[in-house]
Amino acid sequence: MTRLPRIDVDFHVPQAPMADLLGYLDTYFRQQVTDREIHTQPFRLSSYPANSPLTCGAVLADRPVPEALDALGSDIAIASDLHGVVSLHNPDMRAALMSAVNDHLAATWLDTDPRLRGSIYVSMEDADLAVAEIERLAPDPRFVQVLVLAAQEAPHGQRRFWPIWEAAARHGLTLAIHAGGVFRLAPSVAGWPAYQFEDYVIQSQTFENILVSLIGEGVFQKFPDLRVVFLESGFAWLPMTLWRMDKTWRGTRQEVPWLDRPPSEIIRDRVFVSLIPCDPPGPDEVRQVLTHLGGTDMLLYASDHPHRQFDGHDPLPEGLPEADLPAILAGNALRAYPRLAADPAVSRLAPRKQEAV
Amino acid sequence: MTRHVVARVDDFPDRAIRRVEVAGKALCLMRRGEAFFALADRCPHGGAPLSGGRFTGTVESDGPGSYRMCRMDEMLKCPWHGWEFDIRTGQSWSDPGSTRTRAFATENVEGQELVKGPYVAETVPVSVDGRYVVVDLG
């Protein structure tokens, strides 16, 4: 079988050491961070032990990024550094350090491996500063998405966040929402869980809340060009959530009249989900979920490097329809990422899926 | 003989919505001004008696935060799940392709016309004086 091109939409580069970020700060914040010894803190967001496969998979551990890309067979990978500086309270210091993370990503990874594309990592806690960061980096076409975390103070659809979504859409940047939070905002809409057991299980439920919020608040009507990608969200929950939204909409649409079609139609070509972690337990269950979901148009290949949420050597789950693999591995990403579609180096390797006849 | 007298116009206040039973059929009979409308009194979604619902309109929107009430009182909102049905056609707003409740033609007829015409006075005693609501059960 010929090798199919792969676009990996969730590839984590090693977290930038705090000491490396200092060089990207202005004099004031460099002094603040060093004088207060803030740079001696690890700022790691991972909830799991360092040797857990969820933190660093054995197959990929310690491999330099180019070798990992080779091993995964990735033609293009969207790089992110989910750096813990997002959890700082001081909005200006947080924004300065997040800008440093983004600049570090560009200089360390985008400049050195042409297969990598970047994420503009922003905090949702100050929309003005997030917009300023998007404006600052949008001229660099290698940045293809605006990256935020899933667990926030309020669900992502709310109007206070719209300036961020507006800026993203205006620049053709996809909104990527990645699992995780800042540990001072509850990961669950029902409040704080006590155990890590709960924390891990409810990650996908957070995405259900986010999707319902984006729909209900009318984000897709307000920003008709905005594309949203869920990263590390799982996808087996989608059919039930979509069905419940369609069903409930019928009786409540007077309250949200901007929803002029069933929600499942509104999200078509607007919302995409990464394949890893694959929450159905096996190929039969994958097929069943896809039957309920009505196809694979929403699915995007992802490795979640260096985390390892798959068996064997290939992050691609079994049970996906053979005919859909070119789209799942690359073609769908062109619909999800306007900037990838506009990038000749990318669109050349991933022809768009033929329109259904 | 498919046309049935179901109510006396004078007994049926404007904007009333009532269940009437005729020829074994339960109807949701509605009055708006001089016009009467009749739907099968059973929501095709969950089976609720539509006669327990209320008049509504449709809401149009130019986007989030924009609300425009229109077609006021041309729809009936089901008392159970809030689905809206066009009082003229029985068509569901949210699922016009496959969900509708049956609509029946109504007319107001003078008593003396009733006596001559092919009508069945199933539930309403008919006299020559007065006007009556007639439903065509098809």
# chains A, B, ... in the order shown; residues from 1 in each chain; ligands from 1
call {"tool": "residues_around", "arguments": {"residues": "Gln152 in chain A", "least_positions_apart": "2", "cutoff": "8 Å", "atoms": "only C-alpha atoms", "output": "JSON list (two decimals) with N, CA and C atoms, in the first residue's frame"}}
result
[["chain", "number", "residue", "atom", "x", "y", "z"],
["A", 124, "MET", "N", -7.29, 32.78, 28.00],
["A", 124, "MET", "CA", -8.61, 33.36, 27.77],
["A", 124, "MET", "C", -9.01, 34.33, 28.88],
["A", 149, "LEU", "N", -6.80, 26.37, 26.46],
["A", 149, "LEU", "CA", -7.09, 25.17, 27.24],
["A", 149, "LEU", "C", -8.60, 24.97, 27.40],
["A", 150, "ALA", "N", -8.98, 23.73, 27.72],
["A", 150, "ALA", "CA", -10.40, 23.40, 27.80],
["A", 150, "ALA", "C", -11.06, 23.91, 29.08],
["A", 154, "ALA", "N", -15.34, 30.05, 32.46],
["A", 154, "ALA", "CA", -16.68, 30.03, 31.87],
["A", 154, "ALA", "C", -16.56, 29.30, 30.54],
["A", 155, "PRO", "N", -17.66, 28.76, 30.05],
["A", 155, "PRO", "CA", -17.57, 28.01, 28.80],
["A", 155, "PRO", "C", -17.22, 28.90, 27.60],
["A", 156, "HIS", "N", -16.54, 28.28, 26.64],
["A", 156, "HIS", "CA", -15.89, 29.03, 25.56],
["A", 156, "HIS", "C", -16.82, 29.83, 24.67],
["A", 181, "GLY", "N", -6.21, 22.23, 32.01],
["A", 181, "GLY", "CA", -6.59, 23.47, 32.67],
["A", 181, "GLY", "C", -5.43, 23.99, 33.46],
["A", 185, "LEU", "N", -8.71, 26.65, 38.13],
["A", 185, "LEU", "CA", -10.08, 26.71, 37.64],
["A", 185, "LEU", "C", -10.57, 25.27, 37.57],
["A", 186, "ALA", "N", -11.78, 25.03, 38.04],
["A", 186, "ALA", "CA", -12.27, 23.66, 38.13],
["A", 186, "ALA", "C", -12.32, 23.02, 36.74],
["A", 187, "PRO", "N", -11.86, 21.79, 36.64],
["A", 187, "PRO", "CA", -11.88, 21.11, 35.34],
["A", 187, "PRO", "C", -13.28, 20.63, 34.98]]
call {"tool": "closest_atom_pairs", "arguments": {"of": "chain B", "to": "chain A", "cutoff": "8 Å", "atoms": "only C-alpha atoms", "output": "Markdown table"}}
result
| residue | atom | partner | partner_atom | distance |
| --- | --- | --- | --- | --- |
| B:Thr58 | CA | A:Gln254 | CA | 7.1 |
| B:Val59 | CA | A:Gln254 | CA | 5.7 |
| B:Glu60 | CA | A:Pro257 | CA | 5.9 |
| B:Ser61 | CA | A:Trp258 | CA | 5.2 |
| B:Asp62 | CA | A:Trp258 | CA | 6.7 |
| B:Gly63 | CA | A:Trp258 | CA | 5.0 |
| B:Pro64 | CA | A:Gly218 | CA | 5.4 |
| B:Ser66 | CA | A:Trp258 | CA | 7.6 |
| B:Tyr67 | CA | A:Pro257 | CA | 7.0 |
| B:His81 | CA | A:Gly251 | CA | 5.4 |
| B:Gly82 | CA | A:Gly251 | CA | 4.4 |
| B:Trp83 | CA | A:Gly251 | CA | 4.7 |
| B:Glu84 | CA | A:Gly251 | CA | 7.6 |
| B:Ser94 | CA | A:Arg250 | CA | 5.4 |
| B:Asp95 | CA | A:Arg250 | CA | 7.8 |
call {"tool": "residues_around", "arguments": {"residues": "range 31-33 of chain B", "least_positions_apart": "4", "cutoff": "6 Å", "atoms": "only C-alpha atoms", "output": "list in words"}}
result
Asp14, Arg15 and Ala16 of chain B
call {"tool": "select_by_dssp", "arguments": {"residues": "chain B", "states": "helix (DSSP H, G or I)", "output": "PyMOL selection string"}}
result
chain B and resi 9-11+50-52+111-116
call {"tool": "residues_around", "arguments": {"residues": "range 97-104 of chain B", "least_positions_apart": "5", "cutoff": "9 Å", "atoms": "only C-alpha atoms", "output": "ChimeraX atom specification"}}
result
/B:27,37-45,85-92,135-138
call {"tool": "atom_distance", "arguments": {"atom1": "CA of Gln145 in chain A", "atom2": "CA of Asp70 in chain A"}}
result
22.9 Å
call {"tool": "residues_around", "arguments": {"residues": "range 3-11 of chain B", "least_positions_apart": "5", "cutoff": "10 Å", "atoms": "only C-alpha atoms", "output": "ChimeraX atom specification"}}
result
/B:20-23,27,29,31,34,36,105-111,114,117-127,130-138
call {"tool": "write_last_selection", "arguments": {"atoms": "N, CA and C atoms", "output": "compact mmCIF listing (two decimals), in the first residue's frame"}}
result
# COMPACT_ATOMS: atom_id res chain seq x y z
N VAL B 20 -62.25 19.33 20.79
CA VAL B 20 -63.60 18.87 20.46
C VAL B 20 -63.48 17.47 19.87
N GLU B 21 -64.45 16.64 20.14
CA GLU B 21 -64.41 15.28 19.61
C GLU B 21 -65.57 15.11 18.66
N VAL B 22 -65.24 14.59 17.51
CA VAL B 22 -66.28 14.43 16.50
C VAL B 22 -65.92 13.23 15.63
N ALA B 23 -66.94 12.40 15.40
CA ALA B 23 -66.78 11.20 14.58
C ALA B 23 -65.57 10.38 15.02
N LEU B 27 -60.11 16.77 18.02
CA LEU B 27 -59.57 17.91 17.29
C LEU B 27 -59.17 19.01 18.27
N LEU B 29 -59.40 22.70 18.31
CA LEU B 29 -60.10 23.76 17.58
C LEU B 29 -59.68 25.11 18.15
N ARG B 31 -59.66 29.55 17.69
CA ARG B 31 -60.30 30.72 17.07
C ARG B 31 -59.37 31.91 17.16
N GLU B 34 -62.30 36.05 13.41
CA GLU B 34 -63.42 35.34 12.78
C GLU B 34 -62.99 34.00 12.20
N PHE B 36 -61.42 30.20 12.22
CA PHE B 36 -61.24 29.00 13.04
C PHE B 36 -60.23 28.08 12.37
N ALA B 105 -59.91 21.50 7.32
CA ALA B 105 -60.52 22.74 6.87
C ALA B 105 -61.72 23.07 7.75
N THR B 106 -61.84 24.36 8.06
CA THR B 106 -63.00 24.79 8.85
C THR B 106 -63.73 25.89 8.10
N GLU B 107 -64.98 26.05 8.43
CA GLU B 107 -65.73 27.19 7.90
C GLU B 107 -66.84 27.56 8.87
N ASN B 108 -67.28 28.80 8.74
CA ASN B 108 -68.43 29.25 9.53
C ASN B 108 -69.66 29.18 8.63
N VAL B 109 -70.69 28.57 9.13
CA VAL B 109 -71.88 28.38 8.31
C VAL B 109 -73.10 28.84 9.09
N GLU B 110 -74.01 29.53 8.39
CA GLU B 110 -75.26 29.97 9.01
C GLU B 110 -76.15 28.76 9.27
N GLY B 111 -76.92 28.85 10.32
CA GLY B 111 -77.77 27.73 10.70
C GLY B 111 -78.70 27.28 9.58
N LEU B 114 -76.94 25.10 7.19
CA LEU B 114 -76.67 23.77 7.72
C LEU B 114 -77.83 22.83 7.49
N GLY B 117 -77.68 21.74 3.95
CA GLY B 117 -76.46 21.12 3.40
C GLY B 117 -76.17 19.74 3.95
N PRO B 118 -75.13 19.14 3.43
CA PRO B 118 -74.74 17.77 3.82
C PRO B 118 -73.86 17.78 5.07
N TYR B 119 -74.45 18.19 6.17
CA TYR B 119 -73.66 18.32 7.39
C TYR B 119 -74.12 17.31 8.43
N VAL B 120 -73.21 16.93 9.28
CA VAL B 120 -73.56 16.06 10.39
C VAL B 120 -73.35 16.84 11.67
N ALA B 121 -74.40 17.02 12.42
CA ALA B 121 -74.29 17.74 13.68
C ALA B 121 -73.99 16.73 14.78
N GLU B 122 -72.75 16.35 14.91
CA GLU B 122 -72.38 15.26 15.82
C GLU B 122 -72.47 15.67 17.27
N THR B 123 -71.93 16.83 17.57
CA THR B 123 -71.79 17.19 18.99
C THR B 123 -72.57 18.43 19.36
N VAL B 124 -73.02 19.17 18.38
CA VAL B 124 -73.66 20.44 18.67
C VAL B 124 -75.09 20.43 18.16
N PRO B 125 -76.01 20.66 19.07
CA PRO B 125 -77.41 20.78 18.60
C PRO B 125 -77.53 21.99 17.67
N VAL B 126 -78.10 21.78 16.54
CA VAL B 126 -78.13 22.82 15.53
C VAL B 126 -79.53 23.39 15.42
N SER B 127 -79.59 24.72 15.34
CA SER B 127 -80.88 25.34 15.06
C SER B 127 -80.72 26.25 13.85
N GLY B 130 -78.36 31.36 14.14
CA GLY B 130 -76.98 31.29 14.62
C GLY B 130 -76.00 30.77 13.59
N ARG B 131 -74.72 30.90 13.98
CA ARG B 131 -73.65 30.47 13.09
C ARG B 131 -72.87 29.34 13.76
N TYR B 132 -72.36 28.46 12.91
CA TYR B 132 -71.72 27.25 13.43
C TYR B 132 -70.34 27.05 12.79
N VAL B 133 -69.49 26.39 13.55
CA VAL B 133 -68.18 26.02 13.01
C VAL B 133 -68.29 24.61 12.45
N VAL B 134 -67.89 24.48 11.19
CA VAL B 134 -67.95 23.19 10.54
C VAL B 134 -66.53 22.75 10.19
N VAL B 135 -66.26 21.50 10.49
CA VAL B 135 -64.94 20.95 10.15
C VAL B 135 -65.14 19.86 9.12
N ASP B 136 -64.28 19.92 8.12
CA ASP B 136 -64.33 18.91 7.06
C ASP B 136 -63.31 17.82 7.39
N LEU B 137 -63.80 16.65 7.74
CA LEU B 137 -62.88 15.57 8.13
C LEU B 137 -62.30 14.84 6.93
N GLY B 138 -62.70 15.25 5.75
CA GLY B 138 -62.06 14.70 4.55
C GLY B 138 -62.49 13.27 4.25
